[in-house]
Amino acid sequence: MTRLVLSGRRMPHAAALLAMSLLCWAPLGLADALDEARAYWEQGELNSAGLVLKEHLSGSPEDVQARILLARVYLDLYQAEAAERELLKAQSAGAARARILEPLARAWLLAGEYRRLLDEVAVAAVSSPAQAAVLAALRGDAERALDNEAAALAEYERALGLDPAQTDALLGKARLALAAGRIDDARTILETATAADPQAARAWELLGEVDFARGDYAAAEQSLVKAVIAGRNKWMPRFKRALARLELGELDAAARDIDVVAETFPDFPGLFFARGALLLKQGELEAGLNALDTYLGYDPDNLRALYLTAVGEAERGNLDLAADLLQRYLKMVPDSVQANRAMAEVLLRQRRPADAEALMRDLLRAAPDHPELLSTLATALLRQERWADANETLLRLVEIAPEVAGFRIAAAESLQRLGEPDAALEQLSEALALDPLNRTAQLLRIKLLLEQQRMDQALALATTLADARPNNPQALNALGLAQLGVNDAAAARQSFRAALDAAPAFPDAALNLARLSLRDGDPKGARTLLEEVVAAAPAHVEATLALAELDASGDDLRGQQRRLRAAVDAAPTEVRFRLALARSYLKNDMAQQARSLLQSAPERMRRRPEMLRLMGQSQAAMGDLDAALDTFEALQLRTPEEGAPFFLAAGIHARQRHRDAMEAALLEGAARAPDSPLLEAALASGRKLYQDPQRRVAFLDRLLAATDNQPRLAAAKADLLVEYGEYERAQRVVEDLMRRYPDDIGVLQKLIEVQRAGNARAAAEEVLSAWLTRHPDHAAARMLLAQVQAELGREDAAREQLEALMAAGTGAQSDPLLLNNLAWLLRASDPERALVYAERAYRGDPSSAAIKDTLGNLLVHAGELERGLELLQEANRAAPSDATIGFHYAEALAMADRPTEARVLLLSLVDKDFPERSAAQALLEALGG
């Protein structure tokens, strides 16, 4: 018989059939039709098989074989009623009951008529042991569907007793094991079934389902491939294979499977699920969620669909809907790790980290060492800024799963935050041993090395990383930072620019390049870079805050506050914008606006420690001291381990003239944070409460005793003694510190400061010279020695010290302070070189009043009066209490023929004790003052 081929399927063609009948004068033979239909059926061409059989039965309605075969085709197409109808017609046409009993039982199973199957299907109805085994297995399936597990198992064992390799019975036992949670037992049974019959398609299909449920999607795909090859019904295993391929990220292959299933069963509801999952994977969020929503209309309690829809809605920002969907899921499977973690992620995005923590801790009670739960718990703790608790959890993760590089990297970040860089570097070394190409670990390692001032190591590692990833903006940015660490600003600028070329408006590189532009005295260039970042990412916090700082540095207070106000309005839950605006208000005596801004924040944000702190400061600035004290006490409860709330409360007590309360608060704060700069401010605020200087010193001694002679407090005591003119006693305090910390540059600087205050510069020179014999390459100490020598009138010796540093090539030659001091020392002997150094110093630190003073003074004496006068005015405005700067500005005003302004300024200076006092008096007399 000749047929035409249409779209890959052989289909009957009416004209060809008519021509054949006219030529041959004979009907189609029974054997030919059945053979052709059976061939289609066995190849999985079910629709074609059905068409051939229907055509044949239209002419031979009493053909029992064709009826039974058509029923089996319908069973493979999951059409139970059609199958039953054909089987009953076959029985009416003379088929024995025993012959149709097995397919009829399968039709009843498919239709859910389990009790009917048990009532009407008896194993004894057939004589063949193989047929009897099949019927026993089907009865077992009915008992299992009715939750009669013991009866089902008995029927399966009965079937296997008749036929040890009976596939239906083995599948039934496997499903019983799965229902009891015995997944490994189920796999063993299914492996037995597929070994006994490699063509057992349904066994391969169920094995694929088991591996899918276990998360072994590669194994699931392999089993489902075998099910597709072996089975007559290819569309269902192909559909399941599509789901496995989706999980494996094989999106094109999954899409092909979905299309083939749609050709066979275009109305199959599962297609909405598969297409929805595929669209989500392809980033088509809206279309994917629409497809899943349609599928949930057919199967509202489908767990996978609920989960994927919840995740998609969370991604779309519908957090409340996502939470509702996950709650529906968790009512059915309360212990699901995947769904609980998704719920925790939703809670975190809703800014409810404490609730996320509680959820994880509930699950961890049953599984205390579950890595995924511990990882989510650590995230919840970090969001609550409970750094120590998070670190403990992360280290536990490393202990449980030492082979996971990501856990070690997270632990390293935590250790870095807690100030344990060596331990962090150790974790990163282990992470890189596990995953040598891990970029995050490499970048964090570079950052830690830079923080530890191990610049050469950081540069070597950053160079290697950038060479391996020449177009990676993060690697190029890290290289730039390392180059800055060795004071190679030109190379750093080139690296940051390369990072921006690789990723235009890459925020980190743009920010770093902007900082270099600021250092070079180019605020316009910095602003341009930052505005490019904000244009690409309007909500970028760091760039927006940096632009706000530029506004402030350019005296554009309104611009700064307008920018920050717009940022707060656009992102009301971003705390850093609100904090920056509140600080701007406080700094500019706008306490009421600061308080209103803080009060308008979301409730959860208002409870944050930094918000409480600013609220208390704004209340204090408005004079509402009792409210401020209440706020700082609330802050103490929120951060019991921190010293700042106690120091702030001490300042309030000082203003209320409650000395005992102030001292108690200071002692509490010092015990927690003895090195906090707030301690000094709090001490200063209470100085008026002490009429007796010795009582104030005695209290400092109590603080020292409570903190094991903390160096910062000892330095504060020395400052206090200097304030009272007890220079020798102050010097003894710091000398004691030097004995405890002989190599600490900070202690050395404090000792020199005390000696200079007591006019013991010769002793200071001796101390510095001795210290430098042990640390000959320490640039800061050598610069300090040069300063002392200059004050002793030994400017040549001071200049030699600084020029030696410039020639040493240690990186100090780009230090703005060094350049400034050398410029000053060269002002008389080599004014041209002095001006070059002063310009370089100003480019390095254009905000320094001292550097502006030096450059301005040199410019004035070099004839560039206008620019010099402008710089000196800026320096005097920035440091109005510095008499030397004031004198230089007055001198320039006189040279600019502005004698009245010069006289007014000089009159405010001549009563002060400063090196240029006699010159100031002479100039005042010359101006007629």
# chains A, B, ... in the order shown; residues from 1 in each chain; ligands from 1

call {"tool": "residues_around", "arguments": {"residues": "segment 853-870 of chain A", "least_positions_apart": "2", "cutoff": "8 Å", "atoms": "only C-alpha atoms", "output": "list of chain:residue names"}}
result
A:Asn820, A:Ala823, A:Trp824, A:Arg827, A:Pro831, A:Ala834, A:Leu835, A:Ala838, A:Glu839, A:Tyr842, A:Ala849, A:Ala850, A:Ile851, A:Leu872, A:Gln873, A:Glu874, A:Ala875, A:Ile885, A:His888, A:Tyr889, A:Ala892, A:Leu893, A:Ala896

call {"tool": "select_by_dssp", "arguments": {"residues": "segment 176-316 of chain A", "states": "helix (DSSP H, G or I)", "output": "PyMOL selection string"}}
result
chain A and resi 176-179+183-196+201-213+217-230+235-248+251-264+270-281+285-298+303-316

call {"tool": "residues_around", "arguments": {"residues": "segment 406-417 of chain A", "least_positions_apart": "3", "cutoff": "9 Å", "atoms": "only C-alpha atoms", "output": "JSON, numbers by chain"}}
result
{"A": [375, 382, 387, 388, 390, 391, 392, 393, 394, 395, 397, 398, 401, 402, 403, 420, 421, 422, 423, 424, 425, 426, 427, 428, 430, 431, 440, 441, 444, 448]}

call {"tool": "residues_around", "arguments": {"residues": "segment 594-605 of chain A", "least_positions_apart": "4", "cutoff": "7 Å", "atoms": "only C-alpha atoms", "output": "PyMOL selection string"}}
result
chain A and resi 582+585-586+590+611+615+618

call {"tool": "residues_around", "arguments": {"residues": "Asp692 of chain A", "least_positions_apart": "6", "cutoff": "12 Å", "atoms": "only C-alpha atoms", "output": "ChimeraX atom specification"}}
result
/A:698-699,724

call {"tool": "residues_around", "arguments": {"residues": "Pro674 of chain A", "least_positions_apart": "4", "cutoff": "8 Å", "atoms": "only C-alpha atoms", "output": "compact mmCIF listing (two decimals) with N, CA and C atoms, in the first residue's frame"}}
result
# COMPACT_ATOMS: atom_id res chain seq x y z
N GLY A 643 31.22 51.19 73.06
CA GLY A 643 31.47 52.28 73.99
C GLY A 643 30.81 53.59 73.61
N GLY A 669 32.07 53.27 79.17
CA GLY A 669 32.48 53.34 77.77
C GLY A 669 33.92 52.95 77.57
N ALA A 670 34.81 53.43 78.47
CA ALA A 670 36.23 53.13 78.33
C ALA A 670 36.50 51.64 78.49
N LEU A 679 36.00 59.14 73.31
CA LEU A 679 36.39 59.26 74.71
C LEU A 679 37.03 60.61 74.98
N THR A 707 41.25 50.28 82.44
CA THR A 707 41.53 49.82 81.07
C THR A 707 42.95 49.29 80.92
N GLN A 710 45.50 51.81 79.12
CA GLN A 710 45.35 51.85 77.67
C GLN A 710 46.13 53.03 77.10
N ARG A 712 45.92 55.07 74.57
CA ARG A 712 45.23 56.30 74.18
C ARG A 712 44.86 57.14 75.39
N LEU A 713 44.48 56.46 76.49
CA LEU A 713 44.15 57.19 77.71
C LEU A 713 45.40 57.77 78.35

call {"tool": "residues_around", "arguments": {"residues": "segment 470-477 of chain A", "least_positions_apart": "5", "cutoff": "9 Å", "atoms": "only C-alpha atoms", "output": "list in words"}}
result
Arg439, Gln442, Leu443, Ala462, Thr463, Leu465, Ala482, Ala492, Ser495, Phe496, Arg497, Ala498, Ala499, Leu500, Asp501, Ala502, Ala503, Phe506, Asp508, Ala509 and Asn512 of chain A

call {"tool": "closest_residue", "arguments": {"among": "A:Val486, A:Leu909, A:Ala537, A:Leu289", "to": "Phe272 of chain A", "atoms": "only C-alpha atoms"}}
result
A:Leu289

call {"tool": "atom_distance", "arguments": {"atom1": "atom CA of Leu271 of chain A", "atom2": "atom CA of Pro198 of chain A"}}
result
28.7 Å

call {"tool": "closest_residue", "arguments": {"among": "A:Leu162, A:Met806, A:Ala242, A:Val346", "to": "Ser128 of chain A", "atoms": "only C-alpha atoms"}}
result
A:Leu162

call {"tool": "atom_distance", "arguments": {"atom1": "atom CA of Ala227 of chain A", "atom2": "atom CA of Leu190 of chain A"}}
result
12.6 Å

call {"tool": "decode", "arguments": {"residues": "segment 738-775 of chain A", "atoms": "C-alpha atoms", "output": "PDB file, in the first residue's frame"}}
result
ATOM      1  CA  MET A 738      57.617  54.201  75.151  1.00  0.00           C
ATOM      2  CA  ARG A 739      59.065  51.543  77.444  1.00  0.00           C
ATOM      3  CA  ARG A 740      55.936  49.440  76.842  1.00  0.00           C
ATOM      4  CA  TYR A 741      55.759  50.143  73.110  1.00  0.00           C
ATOM      5  CA  PRO A 742      59.313  51.044  72.047  1.00  0.00           C
ATOM      6  CA  ASP A 743      58.656  50.592  68.324  1.00  0.00           C
ATOM      7  CA  ASP A 744      55.211  52.220  68.085  1.00  0.00           C
ATOM      8  CA  ILE A 745      55.339  55.281  65.825  1.00  0.00           C
ATOM      9  CA  GLY A 746      52.195  56.723  67.434  1.00  0.00           C
ATOM     10  CA  VAL A 747      53.760  56.649  70.902  1.00  0.00           C
ATOM     11  CA  LEU A 748      56.949  58.176  69.519  1.00  0.00           C
ATOM     12  CA  GLN A 749      54.982  61.003  67.914  1.00  0.00           C
ATOM     13  CA  LYS A 750      53.147  61.704  71.187  1.00  0.00           C
ATOM     14  CA  LEU A 751      56.442  61.876  73.108  1.00  0.00           C
ATOM     15  CA  ILE A 752      57.900  64.325  70.579  1.00  0.00           C
ATOM     16  CA  GLU A 753      54.691  66.384  70.737  1.00  0.00           C
ATOM     17  CA  VAL A 754      54.972  66.636  74.545  1.00  0.00           C
ATOM     18  CA  GLN A 755      58.668  67.497  74.374  1.00  0.00           C
ATOM     19  CA  ARG A 756      58.060  70.223  71.798  1.00  0.00           C
ATOM     20  CA  ALA A 757      55.239  71.633  73.929  1.00  0.00           C
ATOM     21  CA  GLY A 758      57.652  71.819  76.871  1.00  0.00           C
ATOM     22  CA  ASN A 759      60.341  73.386  74.689  1.00  0.00           C
ATOM     23  CA  ALA A 760      62.531  70.303  75.005  1.00  0.00           C
ATOM     24  CA  ARG A 761      63.355  70.112  71.307  1.00  0.00           C
ATOM     25  CA  ALA A 762      66.948  69.064  71.869  1.00  0.00           C
ATOM     26  CA  ALA A 763      65.728  66.053  73.847  1.00  0.00           C
ATOM     27  CA  ALA A 764      63.198  65.350  71.082  1.00  0.00           C
ATOM     28  CA  GLU A 765      65.974  65.348  68.474  1.00  0.00           C
ATOM     29  CA  GLU A 766      67.943  62.899  70.612  1.00  0.00           C
ATOM     30  CA  VAL A 767      64.949  60.563  71.004  1.00  0.00           C
ATOM     31  CA  LEU A 768      64.215  60.633  67.288  1.00  0.00           C
ATOM     32  CA  SER A 769      67.840  60.007  66.320  1.00  0.00           C
ATOM     33  CA  ALA A 770      67.996  56.994  68.639  1.00  0.00           C
ATOM     34  CA  TRP A 771      64.684  55.613  67.328  1.00  0.00           C
ATOM     35  CA  LEU A 772      65.874  55.975  63.725  1.00  0.00           C
ATOM     36  CA  THR A 773      68.984  53.907  64.440  1.00  0.00           C
ATOM     37  CA  ARG A 774      66.553  51.000  64.946  1.00  0.00           C
ATOM     38  CA  HIS A 775      64.208  52.026  62.131  1.00  0.00           C
TER      39      HIS A 775
END
